[in-house]
>>> print(open('final_31.csv').read())   # CSV, C-alpha atoms
chain,number,residue,atom,x,y,z
A,1,MET,CA,-66.5,21.1,129.3
A,2,THR,CA,-65.9,23.0,126.0
A,3,LYS,CA,-62.7,24.8,125.3
A,4,GLU,CA,-62.7,27.5,122.6
A,5,LYS,CA,-60.7,30.1,120.8
A,6,GLU,CA,-62.0,32.7,118.4
A,7,VAL,CA,-60.1,32.9,115.2
A,8,THR,CA,-60.1,35.2,112.2
A,9,THR,CA,-59.4,34.1,108.6
A,10,ARG,CA,-56.1,35.2,107.2
A,11,GLY,CA,-56.8,33.9,103.7
A,12,GLU,CA,-58.4,31.3,101.6
A,13,PHE,CA,-56.4,29.1,99.3
A,14,VAL,CA,-57.1,26.5,96.7
A,15,LEU,CA,-54.5,23.9,96.1
A,16,ARG,CA,-54.4,21.1,93.4
A,17,LEU,CA,-52.0,18.3,94.2
A,18,GLU,CA,-50.9,16.3,91.2
A,19,ARG,CA,-50.7,12.5,90.7
A,20,GLY,CA,-48.1,10.9,92.8
A,21,ALA,CA,-47.9,13.7,95.5
A,22,ASP,CA,-47.7,12.5,99.1
A,23,VAL,CA,-50.8,14.2,100.5
A,24,LEU,CA,-50.0,15.2,104.1
A,25,PRO,CA,-46.3,16.2,103.5
A,26,ALA,CA,-47.4,18.3,100.5
A,27,ILE,CA,-50.0,20.2,102.7
A,28,VAL,CA,-47.4,20.6,105.5
A,29,ASP,CA,-44.9,22.0,103.0
A,30,PHE,CA,-47.4,24.5,101.6
A,31,CYS,CA,-48.3,25.7,105.2
A,32,ALA,CA,-44.6,26.0,106.2
A,33,ARG,CA,-43.8,28.0,103.0
A,34,ARG,CA,-46.7,30.3,103.6
A,35,GLY,CA,-46.2,30.6,107.4
A,36,ILE,CA,-49.6,29.1,108.1
A,37,MET,CA,-49.7,28.0,111.8
A,38,SER,CA,-53.4,27.2,112.0
A,39,GLY,CA,-56.4,26.6,109.8
A,40,ALA,CA,-58.9,24.2,108.4
A,41,LEU,CA,-59.1,22.3,105.2
A,42,ARG,CA,-61.4,20.1,103.1
A,43,ALA,CA,-60.7,18.2,99.9
A,44,ILE,CA,-62.0,15.9,97.1
A,45,GLY,CA,-60.2,13.9,94.5
A,46,ALA,CA,-58.7,10.4,94.4
A,47,VAL,CA,-55.9,8.8,96.3
A,48,GLU,CA,-54.0,5.4,96.4
A,49,SER,CA,-51.8,3.7,99.0
A,50,ALA,CA,-54.0,5.2,101.7
A,51,LYS,CA,-53.5,4.3,105.4
A,52,VAL,CA,-56.7,4.9,107.3
A,53,GLY,CA,-57.6,4.1,110.9
A,54,TYR,CA,-58.8,5.0,114.3
A,55,TYR,CA,-57.5,5.8,117.8
A,56,ASP,CA,-58.0,3.0,120.4
A,57,LEU,CA,-58.4,5.0,123.6
A,58,GLY,CA,-58.1,1.9,125.9
A,59,ALA,CA,-54.7,0.9,124.3
A,60,LYS,CA,-53.7,4.6,123.7
A,61,LYS,CA,-52.6,3.8,120.2
A,62,TYR,CA,-53.7,4.1,116.6
A,63,GLU,CA,-54.8,1.1,114.5
A,64,TRP,CA,-55.0,1.3,110.7
A,65,VAL,CA,-55.7,-0.5,107.5
A,66,GLU,CA,-53.8,0.1,104.2
A,67,TYR,CA,-55.7,0.4,100.9
A,68,PRO,CA,-53.3,0.1,98.0
A,69,GLU,CA,-55.9,0.6,95.3
A,70,ALA,CA,-57.0,4.0,93.9
A,71,MET,CA,-60.1,5.2,95.7
A,72,GLU,CA,-62.3,8.3,95.3
A,73,VAL,CA,-62.0,10.9,98.1
A,74,VAL,CA,-65.7,11.4,99.0
A,75,SER,CA,-64.7,13.8,101.7
A,76,MET,CA,-61.6,14.9,103.5
A,77,THR,CA,-61.7,17.4,106.4
A,78,GLY,CA,-59.1,18.5,108.8
A,79,ASN,CA,-57.3,21.1,110.7
A,80,ILE,CA,-53.8,22.6,110.9
A,81,ALA,CA,-52.0,23.3,114.2
A,82,MET,CA,-48.5,23.6,115.4
A,83,VAL,CA,-46.6,20.6,116.8
A,84,ASP,CA,-42.9,20.9,117.7
A,85,SER,CA,-42.7,24.3,115.9
A,86,ALA,CA,-44.0,22.8,112.6
A,87,PRO,CA,-47.4,22.7,110.9
A,88,PHE,CA,-49.3,19.5,111.7
A,89,ILE,CA,-52.3,18.2,109.7
A,90,HIS,CA,-55.0,16.2,111.5
A,91,ALA,CA,-57.3,14.9,108.8
A,92,HIS,CA,-60.2,12.4,108.5
A,93,VAL,CA,-61.3,11.0,105.2
A,94,VAL,CA,-64.1,9.0,103.6
A,95,LEU,CA,-63.0,6.9,100.6
A,96,SER,CA,-65.0,4.9,98.1
A,97,ASP,CA,-64.0,1.9,96.0
A,98,THR,CA,-65.1,1.0,92.5
A,99,LYS,CA,-68.4,-0.4,93.8
A,100,ASN,CA,-69.0,2.8,95.8
A,101,ASN,CA,-68.4,1.0,99.2
A,102,CYS,CA,-67.1,3.6,101.7
A,103,ILE,CA,-64.5,3.4,104.4
A,104,GLY,CA,-63.4,6.2,106.6
A,105,GLY,CA,-61.3,7.3,109.5
A,106,HIS,CA,-58.1,9.1,110.5
A,107,LEU,CA,-55.9,9.7,107.5
A,108,PHE,CA,-52.3,8.6,108.2
A,109,SER,CA,-51.0,8.8,104.7
A,110,ALA,CA,-52.0,8.6,101.0
A,111,ARG,CA,-50.6,9.4,97.6
A,112,VAL,CA,-52.6,11.3,94.9
A,113,ALA,CA,-54.0,8.8,92.3
A,114,VAL,CA,-55.5,11.4,89.9
A,115,THR,CA,-55.8,14.8,91.6
A,116,LEU,CA,-56.6,16.2,95.0
A,117,GLU,CA,-58.4,19.6,95.1
A,118,ILE,CA,-58.0,21.3,98.5
A,119,HIS,CA,-59.7,24.3,100.0
A,120,LEU,CA,-57.6,25.6,102.9
A,121,SER,CA,-58.6,28.4,105.2
A,122,ALA,CA,-55.7,29.9,107.1
A,123,PHE,CA,-56.2,31.6,110.4
A,124,ASN,CA,-54.4,34.6,111.8
A,125,GLU,CA,-54.2,33.2,115.3
A,126,PRO,CA,-51.7,30.4,116.0
A,127,ILE,CA,-53.0,27.2,117.5
A,128,SER,CA,-50.8,24.5,118.9
A,129,ARG,CA,-51.4,20.9,120.1
A,130,THR,CA,-50.5,19.9,123.7
A,131,LEU,CA,-50.2,16.4,125.0
A,132,ASP,CA,-53.1,15.2,127.1
A,133,ASN,CA,-51.7,12.4,129.2
A,134,GLU,CA,-55.1,10.9,130.1
A,135,ILE,CA,-56.0,10.5,126.5
A,136,GLY,CA,-52.5,10.0,125.1
A,137,LEU,CA,-52.8,12.4,122.2
A,138,LYS,CA,-51.7,16.0,121.5
A,139,LEU,CA,-55.0,17.9,121.5
A,140,LEU,CA,-55.8,21.4,120.2
A,141,ASP,CA,-54.7,23.9,122.8
A,142,VAL,CA,-57.6,26.3,122.7
>>> encode(input="final_31.csv", output="structure tokens")
Amino acid sequence: MTKEKEVTTRGEFVLRLERGADVLPAIVDFCARRGIMSGALRAIGAVESAKVGYYDLGAKKYEWVEYPEAMEVVSMTGNIAMVDSAPFIHAHVVLSDTKNNCIGGHLFSARVAVTLEIHLSAFNEPISRTLDNEIGLKLLDV
């Protein structure tokens, strides 16, 4: 079954996070300041101290690996929705090392190593996340 919600774009934003910025909190802060309650994003750049992983459905918990070194952000995509009355970023990332070997998965945290260039589309309609007990995650409520 597919659940859906039509949205309209409120605005398009380009953000540049500087070296040392904590990626997800910086995006959350921007959204909170601008009153953005839903949207989509994509980004490129470089990060370090990245924590990347996956959701183990059987165990109903996340697993992750930490990558302390600076890595190129080949692709970062995600969405913005409300959780507990605050913007929440759900992002996935593909990172490459100095030999162009790639890893990818759910982005838990990262710090900007050089720069991070973000294109963010804000939606007019609010979207929230609601806990799905069977899966164990807060899923988009559409």
>>> atom_distance(input="final_31.csv", atom1="atom CA of A:Pro87", atom2="atom CA of A:Thr9")
16.7 Å
>>> atom_distance(input="final_31.csv", atom1="atom CA of A:Gly39", atom2="atom CA of A:Ala91")
11.8 Å
>>> closest_residue(input="final_31.csv", among="A:Gly20, A:Gly104, A:Pro126, A:Gly35", to="A:Val74", atoms="all atoms listed in the file")
A:Gly104
>>> residues_around(input="final_31.csv", residues="stretch 49-60 of chain A", least_positions_apart="3", cutoff="10 Å", atoms="all atoms listed in the file", output="PyMOL selection string")
chain A and resi 22-23+63-71+92-95+103-113+133-137
>>> closest_residue(input="final_31.csv", among="A:Asp132, A:Glu12, A:Glu18, A:Glu6", to="A:Ala46", atoms="all atoms listed in the file")
A:Glu18
>>> closest_residue(input="final_31.csv", among="A:His90, A:Lys61, A:Arg129, A:Arg19", to="A:Ala40", atoms="all atoms listed in the file")
A:His90
>>> decode(input="final_31.csv", residues="stretch 92-137 of chain A", atoms="C-alpha atoms", output="tab-separated table (two decimals), in the first residue's frame")
chain	number	residue	atom	x	y	z
A	92	HIS	CA	21.24	9.13	3.79
A	93	VAL	CA	24.74	9.65	2.49
A	94	VAL	CA	27.33	8.14	0.17
A	95	LEU	CA	30.91	8.98	1.17
A	96	SER	CA	34.19	8.21	-0.61
A	97	ASP	CA	37.67	7.88	0.84
A	98	THR	CA	41.02	8.93	-0.68
A	99	LYS	CA	40.96	5.87	-2.96
A	100	ASN	CA	37.39	6.59	-4.11
A	101	ASN	CA	36.00	3.61	-2.19
A	102	CYS	CA	32.41	4.38	-1.23
A	103	ILE	CA	30.34	3.61	1.83
A	104	GLY	CA	26.79	4.68	2.44
A	105	GLY	CA	23.76	4.52	4.65
A	106	HIS	CA	21.77	6.46	7.22
A	107	LEU	CA	23.62	9.57	8.40
A	108	PHE	CA	23.62	9.83	12.19
A	109	SER	CA	26.16	12.63	12.50
A	110	ALA	CA	29.08	14.33	10.76
A	111	ARG	CA	31.16	17.46	10.95
A	112	VAL	CA	32.02	19.56	7.89
A	113	ALA	CA	35.64	18.90	6.82
A	114	VAL	CA	35.87	21.47	4.01
A	115	THR	CA	32.42	22.72	3.03
A	116	LEU	CA	28.93	21.31	2.61
A	117	GLU	CA	26.70	22.80	-0.10
A	118	ILE	CA	23.03	22.10	0.48
A	119	HIS	CA	19.99	22.64	-1.72
A	120	LEU	CA	16.88	22.62	0.47
A	121	SER	CA	13.30	22.69	-0.81
A	122	ALA	CA	10.84	23.84	1.84
A	123	PHE	CA	7.22	22.70	1.58
A	124	ASN	CA	4.12	24.68	2.54
A	125	GLU	CA	2.33	21.71	4.08
A	126	PRO	CA	3.60	20.40	7.44
A	127	ILE	CA	4.57	16.74	7.61
A	128	SER	CA	5.22	14.90	10.85
A	129	ARG	CA	6.53	11.50	11.81
A	130	THR	CA	4.48	8.98	13.81
A	131	LEU	CA	5.74	5.88	15.56
A	132	ASP	CA	4.99	2.63	13.73
A	133	ASN	CA	5.13	0.00	16.48
A	134	GLU	CA	5.54	-2.91	14.05
A	135	ILE	CA	8.62	-1.40	12.44
A	136	GLY	CA	9.86	0.46	15.50
A	137	LEU	CA	10.50	3.79	13.76
